[in-house]
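Undergrad: Before I ask anything, here is the structure I am working with.
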Amino acid sequence: MKRLLLCIVALVFVLAACGNNSSNNKDNQSSSKGKDTLRVGTEGTYAPFTYHNKKDQLTGYDIDVIKAVAKEENLKLKFNETSWDSMFAGLDAGRFDVIANQ
């Protein structure tokens with residue numbers, strides 16, 4: 001039951017980050033991959049949330065959650081790995097649509 005509640009809370013945070021950016025402009029729209037692709041910013045270095053497995057595939061709890069959201073919404077995913085220091089700046093600049101990073 002606690003795990004289900006935790007998943008729901010995490011999903012709410014992910015969906016809240018998908019909201020409209022108040023600074024929508026042509027630059028942000030032109031850099032988008034398209035309405036069927038969700039650009040996700042993540043660090044990929046902090047297990048168990050986002051990390052690379054032995055096959056060097058991006059995996060972890062946050063990755064699984066965002067994949068489930070994308071599947072439900074029929075969206076493709078484009079993961080953009082970046083450093084923590086520049087993650088929110090990338091979101092503000094329109095490089096990502098959402099951040100999935102613990």
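Each chain in the structure tokens gets a letter, A, B, ..., in the order shown, and its residues are numbered from 1; ligands are numbered from 1 in order too.
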Which neighbours of Trp84 of chain A fall inside 9 Å, counting only C-alpha atoms, when residues of the same chain fewer than 5 positions from it are skipped, and could you give them as a VMD selection string?
TA: chain A and resid 42 to 43 101
Undergrad: Restrict the selected residues to N, CA, C and O atoms and save them as a PDB file, in the first residue's frame.
TA:
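result-v6.pdb, freshly written:
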ATOM      1  N   THR A  42      17.483  14.271 -17.400  1.00  0.00           N
ATOM      2  CA  THR A  42      17.866  13.418 -16.281  1.00  0.00           C
ATOM      3  C   THR A  42      19.380  13.393 -16.157  1.00  0.00           C
ATOM      4  O   THR A  42      20.093  13.737 -17.104  1.00  0.00           O
ATOM      5  N   GLU A  43      19.847  13.005 -14.989  1.00  0.00           N
ATOM      6  CA  GLU A  43      21.291  12.973 -14.769  1.00  0.00           C
ATOM      7  C   GLU A  43      21.879  11.609 -15.117  1.00  0.00           C
ATOM      8  O   GLU A  43      22.974  11.514 -15.656  1.00  0.00           O
ATOM      9  N   ASN A 101      14.379  13.096 -12.321  1.00  0.00           N
ATOM     10  CA  ASN A 101      15.675  12.961 -11.648  1.00  0.00           C
ATOM     11  C   ASN A 101      15.495  13.112 -10.145  1.00  0.00           C
ATOM     12  O   ASN A 101      15.657  14.191  -9.604  1.00  0.00           O
TER      13      ASN A 101
END
Undergrad: For His52 of chain A, which residue out of A:Glu72, A:Glu81, A:Ile66, A:Arg39 is the nearest one, using only C-alpha atoms?
TA: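 Counting only C-alpha atoms, the residue closest to His52 of chain A is A:Glu81.
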Undergrad: Grab the atom CA of Pro48 of chain A to atom CA of Ile99 of chain A distance for me, in Å with one decimal place.
TA: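 Separation of atom CA of Pro48 of chain A and atom CA of Ile99 of chain A: 16.0 Å.
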Undergrad: Have a look at A:Asn80, A:Thr59, A:Ser86, A:Asn74 and name the one nearest to Tyr46 of chain A; count only C-alpha atoms.
TA: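 Using only C-alpha atoms, the shortest distance to Tyr46 of chain A belongs to A:Thr59.
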Undergrad: Pick out the closest residue to Leu77 of chain A from this set: A:Thr50, A:Tyr61, A:Ala89, A:Ala100. Count only C-alpha atoms.
TA: A:Ala100
Undergrad: Rounded to one decimal place, report the atom CA of Ala70 of chain A-atom CA of Asp85 of chain A distance in Å.
TA: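 Spanning atom CA of Ala70 of chain A to atom CA of Asp85 of chain A is a straight-line distance of 25.5 Å.
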